[in-house]
Amino acid sequence: MKTVKDPTLRTIYNCLHFDGDVVNTPWRGAESKNSLSFEFANRASSASDVARGLKTLFGVDDSFCEKAKQAGSGSATEWRRLSTLHSSALCALLHFWKIDEDHQVTLCLDGSNFTFSNVFFEIKNKVYEAPSSLDVVLTGCKDDETPVVLYLESKFSEHIRGAVTRMSQKRKEGIISGQYFDPVETNKFKVNVDRVLQRLGLEKLEANDHNYFFVRKEGNTEPKWLYAEGIKQIIAHYLGICKEIECHFANRPAVLSDLKDIELKANTEYYLGTILFDFQDADNSFAEKQRCYSSLYHKLAVSLNESRDLQPKLRVMENALTYQEIQSNLHLAKQVEQFYYGPKHE
């Protein structure tokens, strides 16, 4: 722990409950000074190695490995991130992987009950040049048996570590393509991003090559902290899902036929949301950063839902979920529960 230079990340690691061996995360042929990984990271050379390492470490059954390999498929090096202690993809995997027909999960979301019976990880939806990649997709039904798909963006610590004030913003966070601002006549799937930013108290500044990034609008006192990348990702996910619905999910690979089957049902309802790990008790600044991001997310969700003529079957969950809110509903292995939430007090 002493080798981690970043004080924010040290605080985050201190919130975890792990007394096993760790190593500095292998990074570009060297060792990171700001990241810790489970000790098997130095020996892992494939997604299968990481899956087996996590299976042994957290005492989960063999079916975990297939879900772990799916969660590590987001990019050429995504599987390596699953061995990092503060990985958002790891947090999502360890919380949701067990969901299936025999281990269903019922959650109350925005006032409605949803029962989920299947889960998928790292699902790509094409936006413009590159796809958006969603951490978790849950499928199931509502109380009235309406089939539902919930697309979730998971955040473990990014909303804390990535939050900056206007004065401390030293680089361009939340780079967004200029195509998001194309005139509606050249872009059928268009969200009025300028209007959305205005509602959020933000503005765009030109980055380069006609791309933009977000900052707090001059003179605005809110939000004090801005996690711009999170806002940009939700906008990208929203457009990506809209496009996939329009093209009848033609981009889904054959291995995702189970997901595509429910996505293609005529009466399926689609939902987009985010889930955060709650660090509010760890540090006063953490609580403020989380409050700011949750508030911005809510405003963004309301704004996107007002534009549902783009895709009336897609709704954005208006309140950010937290893992703490739902963890008791999930089928968590004892070691997973210990790692994230500590020992139970009798």
# chains A, B, ... in the order shown; residues from 1 in each chain; ligands from 1
>>> residues_around(residues="segment 16-26 of chain A", least_positions_apart="5", cutoff="6 Å", atoms="only C-alpha atoms", output="count of residues only")
10
>>> residues_around(residues="Asn211 of chain A", least_positions_apart="2", cutoff="12 Å", atoms="only C-alpha atoms", output="CSV table (one decimal) with N, CA, C and O atoms, in the first residue's frame")
chain,number,residue,atom,x,y,z
A,172,LYS,N,-8.0,17.5,-20.9
A,172,LYS,CA,-9.3,17.5,-21.6
A,172,LYS,C,-10.0,16.2,-21.2
A,172,LYS,O,-9.7,15.1,-21.8
A,173,GLU,N,-10.9,16.2,-20.2
A,173,GLU,CA,-11.6,15.0,-19.8
A,173,GLU,C,-13.0,15.0,-20.6
A,173,GLU,O,-13.6,16.0,-20.9
A,174,GLY,N,-13.4,13.7,-20.9
A,174,GLY,CA,-14.6,13.5,-21.6
A,174,GLY,C,-14.6,14.0,-23.0
A,174,GLY,O,-15.6,14.6,-23.5
A,175,ILE,N,-13.6,13.6,-23.8
A,175,ILE,CA,-13.5,13.9,-25.2
A,175,ILE,C,-14.7,13.3,-25.9
A,175,ILE,O,-15.0,12.1,-25.8
A,176,ILE,N,-15.4,14.1,-26.7
A,176,ILE,CA,-16.6,13.7,-27.4
A,176,ILE,C,-16.5,14.1,-28.9
A,176,ILE,O,-16.0,15.2,-29.2
A,177,SER,N,-16.8,13.2,-29.8
A,177,SER,CA,-16.7,13.5,-31.2
A,177,SER,C,-17.6,14.7,-31.7
A,177,SER,O,-18.7,14.8,-31.2
A,178,GLY,N,-17.1,15.4,-32.6
A,178,GLY,CA,-17.8,16.5,-33.2
A,178,GLY,C,-19.1,16.0,-33.9
A,178,GLY,O,-20.1,16.8,-34.1
A,179,GLN,N,-19.2,14.7,-34.2
A,179,GLN,CA,-20.3,14.1,-34.9
A,179,GLN,C,-21.6,14.2,-33.9
A,179,GLN,O,-22.7,14.2,-34.4
A,180,TYR,N,-21.4,14.3,-32.6
A,180,TYR,CA,-22.5,14.4,-31.7
A,180,TYR,C,-23.2,15.7,-31.9
A,180,TYR,O,-24.3,15.9,-31.4
A,181,PHE,N,-22.6,16.7,-32.5
A,181,PHE,CA,-23.1,18.0,-32.7
A,181,PHE,C,-23.5,18.3,-34.2
A,181,PHE,O,-23.8,19.4,-34.5
A,182,ASP,N,-23.5,17.2,-35.0
A,182,ASP,CA,-23.9,17.4,-36.4
A,182,ASP,C,-25.3,17.9,-36.5
A,182,ASP,O,-26.1,17.5,-35.7
A,204,LYS,N,-19.2,23.1,-23.8
A,204,LYS,CA,-18.1,22.3,-24.5
A,204,LYS,C,-17.0,23.3,-24.9
A,204,LYS,O,-17.3,24.5,-25.3
A,205,LEU,N,-15.8,22.8,-24.9
A,205,LEU,CA,-14.7,23.5,-25.5
A,205,LEU,C,-14.1,22.7,-26.6
A,205,LEU,O,-14.0,21.4,-26.5
A,206,GLU,N,-13.5,23.3,-27.6
A,206,GLU,CA,-12.9,22.6,-28.7
A,206,GLU,C,-11.6,21.9,-28.2
A,206,GLU,O,-10.8,22.6,-27.6
A,207,ALA,N,-11.4,20.7,-28.5
A,207,ALA,CA,-10.2,20.0,-28.2
A,207,ALA,C,-9.3,20.0,-29.4
A,207,ALA,O,-8.3,20.8,-29.4
A,208,ASN,N,-9.5,19.2,-30.4
A,208,ASN,CA,-8.7,19.2,-31.6
A,208,ASN,C,-9.5,18.4,-32.6
A,208,ASN,O,-10.4,17.6,-32.3
A,209,ASP,N,-9.2,18.5,-33.9
A,209,ASP,CA,-9.8,17.8,-35.0
A,209,ASP,C,-11.3,17.8,-34.8
A,209,ASP,O,-12.0,16.8,-35.1
A,213,PHE,N,-14.5,18.8,-25.4
A,213,PHE,CA,-14.6,18.2,-24.1
A,213,PHE,C,-15.4,19.1,-23.2
A,213,PHE,O,-15.7,20.2,-23.6
A,214,PHE,N,-15.8,18.6,-22.1
A,214,PHE,CA,-16.7,19.3,-21.2
A,214,PHE,C,-16.0,20.0,-20.0
A,214,PHE,O,-15.1,19.4,-19.5
>>> select_by_dssp(residues="segment 246-331 of chain A", states="helix (DSSP H, G or I)", output="PyMOL selection string")
chain A and resi 246+254-263+284-305+323-329
>>> closest_residue(among="A:Ser154, A:Ser133, A:Ser83, A:Ser294", to="Leu226 of chain A", atoms="only C-alpha atoms")
A:Ser294
>>> closest_residue(among="A:Leu272, A:Leu239, A:Ile12, A:Val4", to="Pro131 of chain A", atoms="only C-alpha atoms")
A:Leu239
>>> atom_distance(atom1="atom CA of Leu197 of chain A", atom2="atom CA of Thr165 of chain A")
16.3 Å
>>> select_by_dssp(residues="segment 4-117 of chain A", states="strand (DSSP E or B)", output="ChimeraX atom specification")
/A:22-27,30-38,84,100,103,105-109,112-117
>>> residues_around(residues="Arg252 of chain A", least_positions_apart="3", cutoff="12 Å", atoms="only C-alpha atoms", output="ChimeraX atom specification")
/A:123-126,241,244-245,247-249,255-261,263-264
>>> atom_distance(atom1="atom CA of Ile262 of chain A", atom2="atom CA of Ala250 of chain A")
13.5 Å
>>> closest_residue(among="A:Val164, A:Leu107, A:Ile99, A:Val50", to="Lys142 of chain A", atoms="only C-alpha atoms")
A:Leu107
>>> closest_residue(among="A:Ser132, A:Asn118, A:Asn251, A:Asn319", to="Ser295 of chain A", atoms="only C-alpha atoms")
A:Asn319
